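Q: You'll find start_5.cif just under this line, and it carries mmCIF, N, CA and C atoms.
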```cif
data_target
loop_
_atom_site.group_PDB
_atom_site.id
_atom_site.type_symbol
_atom_site.label_atom_id
_atom_site.label_comp_id
_atom_site.auth_asym_id
_atom_site.auth_seq_id
_atom_site.Cartn_x
_atom_site.Cartn_y
_atom_site.Cartn_z
ATOM 1 N N MET L 16 116.993 127.455 199.167
ATOM 2 C CA MET L 16 118.060 126.898 199.962
ATOM 3 C C MET L 16 117.522 126.520 201.345
ATOM 4 N N ILE L 17 117.828 125.345 201.801
ATOM 5 C CA ILE L 17 117.404 124.856 203.108
ATOM 6 C C ILE L 17 118.578 124.984 204.065
ATOM 7 N N ARG L 18 118.297 125.633 205.195
ATOM 8 C CA ARG L 18 119.348 125.779 206.193
ATOM 9 C C ARG L 18 119.510 124.488 206.983
ATOM 10 N N PRO L 19 120.724 124.049 207.164
ATOM 11 C CA PRO L 19 120.928 122.828 207.944
ATOM 12 C C PRO L 19 120.799 123.067 209.449
ATOM 13 N N TYR L 20 120.925 124.321 209.883
ATOM 14 C CA TYR L 20 120.904 124.626 211.313
ATOM 15 C C TYR L 20 119.955 125.788 211.556
ATOM 16 N N SER L 21 119.122 125.650 212.534
ATOM 17 C CA SER L 21 118.207 126.728 212.910
ATOM 18 C C SER L 21 118.499 127.116 214.349
ATOM 19 N N ARG L 22 118.492 128.388 214.619
ATOM 20 C CA ARG L 22 118.780 128.859 215.962
ATOM 21 C C ARG L 22 117.687 128.433 216.943
ATOM 22 N N PHE L 23 116.421 128.453 216.497
ATOM 23 C CA PHE L 23 115.288 128.037 217.324
ATOM 24 C C PHE L 23 114.555 126.906 216.612
ATOM 25 N N PRO L 24 114.988 125.698 216.832
ATOM 26 C CA PRO L 24 114.331 124.580 216.131
ATOM 27 C C PRO L 24 112.922 124.374 216.665
ATOM 28 N N TYR L 25 112.000 124.149 215.765
ATOM 29 C CA TYR L 25 110.619 123.880 216.146
ATOM 30 C C TYR L 25 110.381 122.383 216.076
ATOM 31 N N ARG L 26 109.870 121.867 217.130
ATOM 32 C CA ARG L 26 109.505 120.453 217.161
ATOM 33 C C ARG L 26 107.998 120.379 217.400
ATOM 34 N N PRO L 27 107.327 119.439 216.764
ATOM 35 C CA PRO L 27 105.875 119.315 216.973
ATOM 36 C C PRO L 27 105.511 119.092 218.439
ATOM 37 N N SER L 28 106.402 118.506 219.206
ATOM 38 C CA SER L 28 106.100 118.271 220.619
ATOM 39 C C SER L 28 105.937 119.593 221.368
ATOM 40 N N TYR L 29 106.631 120.648 220.943
ATOM 41 C CA TYR L 29 106.456 121.953 221.578
ATOM 42 C C TYR L 29 105.038 122.461 221.385
ATOM 43 N N GLY L 30 104.493 122.271 220.206
ATOM 44 C CA GLY L 30 103.126 122.698 219.940
ATOM 45 C C GLY L 30 102.124 121.930 220.784
ATOM 46 N N TYR L 31 102.322 120.619 220.908
ATOM 47 C CA TYR L 31 101.425 119.808 221.727
ATOM 48 C C TYR L 31 101.520 120.202 223.201
ATOM 49 N N LEU L 32 102.729 120.465 223.660
ATOM 50 C CA LEU L 32 102.919 120.888 225.047
ATOM 51 C C LEU L 32 102.224 122.225 225.298
ATOM 52 N N PHE L 33 102.369 123.160 224.387
ATOM 53 C CA PHE L 33 101.725 124.461 224.517
ATOM 54 C C PHE L 33 100.203 124.305 224.550
ATOM 55 N N LEU L 34 99.649 123.475 223.683
ATOM 56 C CA LEU L 34 98.210 123.238 223.640
ATOM 57 C C LEU L 34 97.724 122.622 224.952
ATOM 58 N N ALA L 35 98.466 121.661 225.484
ATOM 59 C CA ALA L 35 98.084 121.022 226.747
ATOM 60 C C ALA L 35 98.094 122.022 227.895
ATOM 61 N N ILE L 36 99.076 122.895 227.925
ATOM 62 C CA ILE L 36 99.146 123.918 228.983
ATOM 63 C C ILE L 36 97.968 124.874 228.880
ATOM 64 N N ILE L 37 97.619 125.288 227.682
ATOM 65 C CA ILE L 37 96.479 126.196 227.494
ATOM 66 C C ILE L 37 95.191 125.531 227.959
ATOM 67 N N ILE L 38 94.993 124.259 227.628
ATOM 68 C CA ILE L 38 93.778 123.549 228.048
ATOM 69 C C ILE L 38 93.729 123.432 229.569
ATOM 70 N N LEU L 39 94.854 123.139 230.202
ATOM 71 C CA LEU L 39 94.886 123.051 231.664
ATOM 72 C C LEU L 39 94.552 124.385 232.315
ATOM 73 N N ILE L 40 95.080 125.462 231.787
ATOM 74 C CA ILE L 40 94.799 126.785 232.343
ATOM 75 C C ILE L 40 93.322 127.126 232.190
ATOM 76 N N MET L 41 92.749 126.813 231.030
ATOM 77 C CA MET L 41 91.339 127.120 230.811
ATOM 78 C C MET L 41 90.448 126.312 231.751
ATOM 79 N N SER L 42 90.753 125.043 231.985
ATOM 80 C CA SER L 42 89.929 124.237 232.882
ATOM 81 C C SER L 42 90.084 124.708 234.326
ATOM 82 N N TRP L 43 91.285 125.140 234.696
ATOM 83 C CA TRP L 43 91.499 125.646 236.051
ATOM 84 C C TRP L 43 90.700 126.925 236.276
ATOM 85 N N GLU L 44 90.684 127.820 235.307
ATOM 86 C CA GLU L 44 89.926 129.060 235.426
ATOM 87 C C GLU L 44 88.430 128.776 235.501
ATOM 88 N N SER L 45 87.955 127.769 234.783
ATOM 89 C CA SER L 45 86.547 127.398 234.819
ATOM 90 C C SER L 45 86.159 126.908 236.213
ATOM 91 N N GLN L 46 87.011 126.110 236.825
ATOM 92 C CA GLN L 46 86.726 125.612 238.171
ATOM 93 C C GLN L 46 86.728 126.746 239.178
ATOM 94 N N ARG L 47 87.615 127.713 239.014
ATOM 95 C CA ARG L 47 87.641 128.853 239.926
ATOM 96 C C ARG L 47 86.369 129.677 239.799
ATOM 97 N N ALA L 48 85.857 129.817 238.571
ATOM 98 C CA ALA L 48 84.627 130.568 238.362
ATOM 99 C C ALA L 48 83.445 129.859 239.013
ATOM 100 N N ASP L 49 83.383 128.524 238.897
ATOM 101 C CA ASP L 49 82.309 127.767 239.541
ATOM 102 C C ASP L 49 82.367 127.913 241.056
ATOM 103 N N ALA L 50 83.555 127.891 241.611
ATOM 104 C CA ALA L 50 83.705 128.028 243.052
ATOM 105 C C ALA L 50 83.297 129.428 243.514
ATOM 106 N N ALA L 51 83.585 130.445 242.714
ATOM 107 C CA ALA L 51 83.214 131.805 243.077
ATOM 108 C C ALA L 51 81.702 131.987 243.058
ATOM 109 N N ILE L 52 81.025 131.337 242.130
ATOM 110 C CA ILE L 52 79.571 131.438 242.054
ATOM 111 C C ILE L 52 78.930 130.745 243.255
ATOM 112 N N ALA L 53 79.471 129.607 243.646
ATOM 113 C CA ALA L 53 78.902 128.820 244.740
ATOM 114 C C ALA L 53 79.265 129.393 246.109
ATOM 115 N N GLY L 54 80.220 130.312 246.166
ATOM 116 C CA GLY L 54 80.684 130.843 247.437
ATOM 117 C C GLY L 54 79.627 131.663 248.157
ATOM 118 N N GLY L 55 79.867 131.962 249.398
ATOM 119 C CA GLY L 55 78.945 132.752 250.202
ATOM 120 C C GLY L 55 78.866 132.175 251.604
ATOM 121 N N GLU L 56 78.194 132.907 252.499
ATOM 122 C CA GLU L 56 78.074 132.442 253.873
ATOM 123 C C GLU L 56 76.969 131.420 253.997
ATOM 124 N N ILE L 57 77.184 130.440 254.848
ATOM 125 C CA ILE L 57 76.205 129.400 255.115
ATOM 126 C C ILE L 57 75.570 129.700 256.475
ATOM 127 N N PRO L 58 74.260 129.855 256.513
ATOM 128 C CA PRO L 58 73.603 130.125 257.804
ATOM 129 C C PRO L 58 73.786 128.957 258.776
ATOM 130 N N LYS L 59 73.779 129.256 260.088
ATOM 131 C CA LYS L 59 73.985 128.214 261.094
ATOM 132 C C LYS L 59 72.834 127.223 261.144
ATOM 133 N N GLU L 60 71.627 127.634 260.782
ATOM 134 C CA GLU L 60 70.481 126.732 260.852
ATOM 135 C C GLU L 60 70.292 125.915 259.567
ATOM 136 N N SER L 61 71.269 125.940 258.692
ATOM 137 C CA SER L 61 71.154 125.226 257.421
ATOM 138 C C SER L 61 71.464 123.739 257.585
ATOM 139 N N ILE L 62 71.005 122.966 256.611
ATOM 140 C CA ILE L 62 71.285 121.538 256.547
ATOM 141 C C ILE L 62 72.187 121.325 255.342
ATOM 142 N N ARG L 63 73.261 120.604 255.543
ATOM 143 C CA ARG L 63 74.187 120.363 254.447
ATOM 144 C C ARG L 63 73.753 119.110 253.686
ATOM 145 N N LEU L 64 73.590 119.272 252.369
ATOM 146 C CA LEU L 64 73.178 118.180 251.496
ATOM 147 C C LEU L 64 74.152 118.114 250.338
ATOM 148 N N ARG L 65 74.662 116.940 250.063
ATOM 149 C CA ARG L 65 75.621 116.781 248.972
ATOM 150 C C ARG L 65 74.956 116.032 247.828
ATOM 151 N N ILE L 66 74.963 116.639 246.661
ATOM 152 C CA ILE L 66 74.375 116.044 245.473
ATOM 153 C C ILE L 66 75.512 115.736 244.511
ATOM 154 N N LEU L 67 75.628 114.475 244.099
ATOM 155 C CA LEU L 67 76.702 114.051 243.212
ATOM 156 C C LEU L 67 76.166 113.812 241.812
ATOM 157 N N ALA L 68 76.949 114.223 240.832
ATOM 158 C CA ALA L 68 76.593 113.976 239.434
ATOM 159 C C ALA L 68 77.113 112.611 239.007
ATOM 160 N N ASN L 69 76.557 112.092 237.916
ATOM 161 C CA ASN L 69 77.004 110.794 237.410
ATOM 162 C C ASN L 69 78.433 110.856 236.873
ATOM 163 N N SER L 70 78.820 112.019 236.327
ATOM 164 C CA SER L 70 80.164 112.183 235.787
ATOM 165 C C SER L 70 80.512 113.668 235.799
ATOM 166 N N ASP L 71 81.661 114.002 235.240
ATOM 167 C CA ASP L 71 82.091 115.391 235.161
ATOM 168 C C ASP L 71 81.639 116.070 233.875
ATOM 169 N N SER L 72 80.809 115.408 233.079
ATOM 170 C CA SER L 72 80.362 116.007 231.818
ATOM 171 C C SER L 72 79.466 117.209 232.101
ATOM 172 N N ALA L 73 79.393 118.106 231.154
ATOM 173 C CA ALA L 73 78.607 119.331 231.323
ATOM 174 C C ALA L 73 77.130 119.013 231.518
ATOM 175 N N ALA L 74 76.614 118.020 230.806
ATOM 176 C CA ALA L 74 75.196 117.670 230.926
ATOM 177 C C ALA L 74 74.877 117.140 232.324
ATOM 178 N N ASP L 75 75.719 116.261 232.846
ATOM 179 C CA ASP L 75 75.488 115.718 234.186
ATOM 180 C C ASP L 75 75.619 116.794 235.254
ATOM 181 N N GLN L 76 76.555 117.700 235.071
ATOM 182 C CA GLN L 76 76.698 118.799 236.021
ATOM 183 C C GLN L 76 75.490 119.727 235.985
ATOM 184 N N ALA L 77 74.915 119.937 234.806
ATOM 185 C CA ALA L 77 73.713 120.774 234.693
ATOM 186 C C ALA L 77 72.535 120.116 235.401
ATOM 187 N N VAL L 78 72.400 118.796 235.264
ATOM 188 C CA VAL L 78 71.331 118.079 235.966
ATOM 189 C C VAL L 78 71.529 118.200 237.467
ATOM 190 N N LYS L 79 72.770 118.077 237.914
ATOM 191 C CA LYS L 79 73.062 118.196 239.346
ATOM 192 C C LYS L 79 72.666 119.572 239.868
ATOM 193 N N ARG L 80 72.996 120.620 239.126
ATOM 194 C CA ARG L 80 72.633 121.978 239.557
ATOM 195 C C ARG L 80 71.124 122.186 239.552
ATOM 196 N N TYR L 81 70.434 121.581 238.579
ATOM 197 C CA TYR L 81 68.985 121.687 238.507
ATOM 198 C C TYR L 81 68.355 121.031 239.747
ATOM 199 N N VAL L 82 68.841 119.841 240.113
ATOM 200 C CA VAL L 82 68.330 119.153 241.304
ATOM 201 C C VAL L 82 68.643 119.964 242.545
ATOM 202 N N ARG L 83 69.835 120.503 242.630
ATOM 203 C CA ARG L 83 70.218 121.322 243.788
ATOM 204 C C ARG L 83 69.296 122.518 243.947
ATOM 205 N N ASP L 84 69.037 123.215 242.834
ATOM 206 C CA ASP L 84 68.171 124.390 242.907
ATOM 207 C C ASP L 84 66.741 124.015 243.285
ATOM 208 N N ALA L 85 66.263 122.857 242.803
ATOM 209 C CA ALA L 85 64.915 122.406 243.156
ATOM 210 C C ALA L 85 64.829 122.065 244.645
ATOM 211 N N VAL L 86 65.874 121.449 245.188
ATOM 212 C CA VAL L 86 65.874 121.103 246.618
ATOM 213 C C VAL L 86 65.933 122.368 247.460
ATOM 214 N N VAL L 87 66.734 123.325 247.055
ATOM 215 C CA VAL L 87 66.853 124.579 247.807
ATOM 216 C C VAL L 87 65.521 125.344 247.803
ATOM 217 N N ALA L 88 64.838 125.325 246.655
ATOM 218 C CA ALA L 88 63.545 126.033 246.552
ATOM 219 C C ALA L 88 62.515 125.347 247.422
#
```
Could you spell out this file's structure in structure tokens?
A:
Amino acid sequence: MIRPYSRFPYRPSYGYLFLAIIILIMSWESQRADAAIAGGEIPKESIRLRILANSDSAADQAVKRYVRDAVVA
């Protein structure tokens, strides 16, 4: 028997919305972790250098960090 009325109707859009929220939360937490790793005091005699990646992809970000570490060394 199929019920014509459900107290809590499920719509596929609810599932998509839930998935989108989870992905947003995970990306936000990832950015917070990156900021925590990069944090710390900057000495007054330091030189500020900005290194930009080609895109936000993980591979380009890894290259950017590699260049940054080589310049710092």
Q: Suppose you want the space between CA of Ser42 in chain L and CA of Tyr81 in chain L; what is it in Å?
A: 21.8 Å
Q: For the file shown, what are the residues hit by the PyMOL selection byres ((chain L and resi 66) around 8), laid out as a ChimeraX atom specification?
A: /L:63-65,67-69,79-80,82-83
Q: At what distance in Å, to one decimal, does atom C of Ala35 in chain L lie from CA of Val78 in chain L?
A: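 Going from CA of Val78 in chain L over to atom C of Ala35 in chain L, I get 28.2 Å.
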Q: Could you tell me how far CA of Val86 in chain L sits from CA of Trp43 in chain L, in Å to one decimal place?
A: 28.1 Å
